[in-house]
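Worksheet for the structure shown next.
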Amino acid sequence: MSGIVGLGLFVALGFAVAKHPLGVDMSVAGAFQGLWRGTLGQVTTIVSDVLGLLLPSVLMIGVLLGAALAWYRRARHEAGIALRALAVYASGRCVSWLGKPLFIRQRPRSYAQFSYPSGHVVSIASAGLAAVLLCVWLAPKLVRWVAITAGAATLLVAFTRLLLGVHWLTDTVGGVLGVLGVGLVAASVLRLLPKPVSARACAA
């Protein structure tokens, strides 16, 4: 249910802001206007690309290699969970690939591709969700730490996109909503979501 709600909010927000930015979008864009020029912009671009594009790719390649190793060692259960987590990541990334041509939103400044949702935010949020689900099944003690780290990384990437002036605030919010929506639906279909305590008790 949470996934459906998140997906609905993502679509509703996308259509609401496609033609005209909200007042909060204009205010935030105005506060960061021109800061992308110079050294600050160059450093921010590097941070944004490393956290928003490179890191998620490296993490997911690591998960893929881990799945292959687990399969080789006949740990079929662990390999299956890793592969399903990768599928959740891939489904989350589709939010950006399919969303941009659907909403056709222009960016705050001249920049390649459309604006909604932020691809960098979608990328890191998708990797974060996949990492949390992976830990739920394979390393429960790390779930809290990984969730906090993933959330902080997503916020930082969103901030860099705003500072660079290449996205509206609602682009970043939409990115998170879309990933949670699609990702949770995919996780449910793939049986990666943990059962509620009451359901586990009944099963026992």
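Simple scheme: letters A, B, ... for chains in structure tokens order, numbers from 1 for residues in each chain, numbers from 1 for ligands in the order shown.
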Please, which residues of chain A, numbered as in this document, come out helix (DSSP H, G or I) from DSSP, as a VMD selection string? chain A and resid 2 to 17 23 to 31 38 to 72 76 to 103 119 to 138 140 to 163 169 to 189 197 to 203
A:Pro101 environment, 9 Å, only C-alpha atoms, sequence neighbours closer than 4 positions dropped, as a ChimeraX atom specification: /A:96-97,105,113-114,116
Just write the chosen residues, N, CA and C atoms, as an mmCIF file, in the first residue's frame.
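File result29.cif, as written:
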data_model
loop_
_atom_site.group_PDB
_atom_site.id
_atom_site.type_symbol
_atom_site.label_atom_id
_atom_site.label_comp_id
_atom_site.auth_asym_id
_atom_site.auth_seq_id
_atom_site.Cartn_x
_atom_site.Cartn_y
_atom_site.Cartn_z
ATOM 1 N N SER A 96 13.362 7.635 -13.315
ATOM 2 C CA SER A 96 13.982 8.751 -14.028
ATOM 3 C C SER A 96 13.867 8.585 -15.542
ATOM 4 N N TRP A 97 14.167 7.396 -16.020
ATOM 5 C CA TRP A 97 14.158 7.150 -17.460
ATOM 6 C C TRP A 97 12.780 7.355 -18.070
ATOM 7 N N ARG A 105 9.401 18.555 -18.128
ATOM 8 C CA ARG A 105 9.580 19.774 -17.340
ATOM 9 C C ARG A 105 10.920 20.411 -17.636
ATOM 10 N N GLN A 113 18.528 17.469 -21.153
ATOM 11 C CA GLN A 113 17.421 16.626 -20.717
ATOM 12 C C GLN A 113 16.393 17.409 -19.891
ATOM 13 N N PHE A 114 15.271 16.740 -19.661
ATOM 14 C CA PHE A 114 14.219 17.361 -18.883
ATOM 15 C C PHE A 114 14.509 17.227 -17.388
ATOM 16 N N TYR A 116 12.148 16.670 -14.371
ATOM 17 C CA TYR A 116 11.444 15.899 -13.337
ATOM 18 C C TYR A 116 11.398 14.419 -13.671
#
Which of these, A:Leu164, A:Val179, A:Val5, A:Leu184, has the shortest distance to A:Leu133 once you count only C-alpha atoms?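 Smallest distance to A:Leu133 is found for A:Leu184.
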Nearest to A:Val43, chosen from A:Ser123, A:Ser57, A:Thr160, A:Leu169, with only C-alpha atoms counted in the distances: A:Thr160
For stretch 11-113 of chain A against stretch 141-158 of chain A, with a cut-off of 9 Å and counting only C-alpha atoms, what is the closest atom pair and its distance in Å to one decimal for every residue that makes the cut, ordered by chain and number, as CSV?
residue,atom,partner,partner_atom,distance
A:Val47,CA,A:Val157,CA,7.9
A:Ser48,CA,A:Val157,CA,5.6
A:Asp49,CA,A:Val157,CA,8.5
A:Leu51,CA,A:Val157,CA,6.6
A:Gly52,CA,A:Val157,CA,6.0
Would you mind exporting C-alpha atoms of the selected residues as a compact mmCIF listing (two decimals), in the first residue's frame?
# COMPACT_ATOMS: atom_id res chain seq x y z
CA VAL A 47 30.52 15.52 -5.35
CA SER A 48 27.16 15.27 -7.10
CA ASP A 49 28.40 12.93 -9.83
CA LEU A 51 27.57 10.27 -4.94
CA GLY A 52 24.69 10.42 -7.39
Report as a Markdown table the residues of stretch 73-113 of chain A within 9 Å of stretch 174-178 of chain A, each with its shortest atom pair and distance in Å (one decimal), using only C-alpha atoms, ordered by chain and increasing residue number.
| residue | atom | partner | partner_atom | distance |
| --- | --- | --- | --- | --- |
| A:Gly92 | CA | A:Gly178 | CA | 7.4 |
| A:Val95 | CA | A:Gly178 | CA | 6.0 |
| A:Ser96 | CA | A:Gly175 | CA | 7.5 |
| A:Gly99 | CA | A:Gly178 | CA | 8.9 |
Dump of C-alpha atoms for the selected residues, as a tab-separated table (two decimals), in the first residue's frame:
chain	number	residue	atom	x	y	z
A	92	GLY	CA	13.78	2.52	-9.15
A	95	VAL	CA	11.51	6.33	-12.47
A	96	SER	CA	13.98	8.75	-14.03
A	99	GLY	CA	9.46	10.14	-15.84
Residue with smallest distance to A:Val185 - pool A:Ala75, A:Ala12, A:Thr170, A:Ser91, counting only C-alpha atoms: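 So, comparing all the options, the nearest one is A:Ser91.
Counting only C-alpha atoms and comparing A:Leu7, A:Leu13, A:Ala29, A:Met1, the residue that lies closest to A:Leu163 is A:Ala29.
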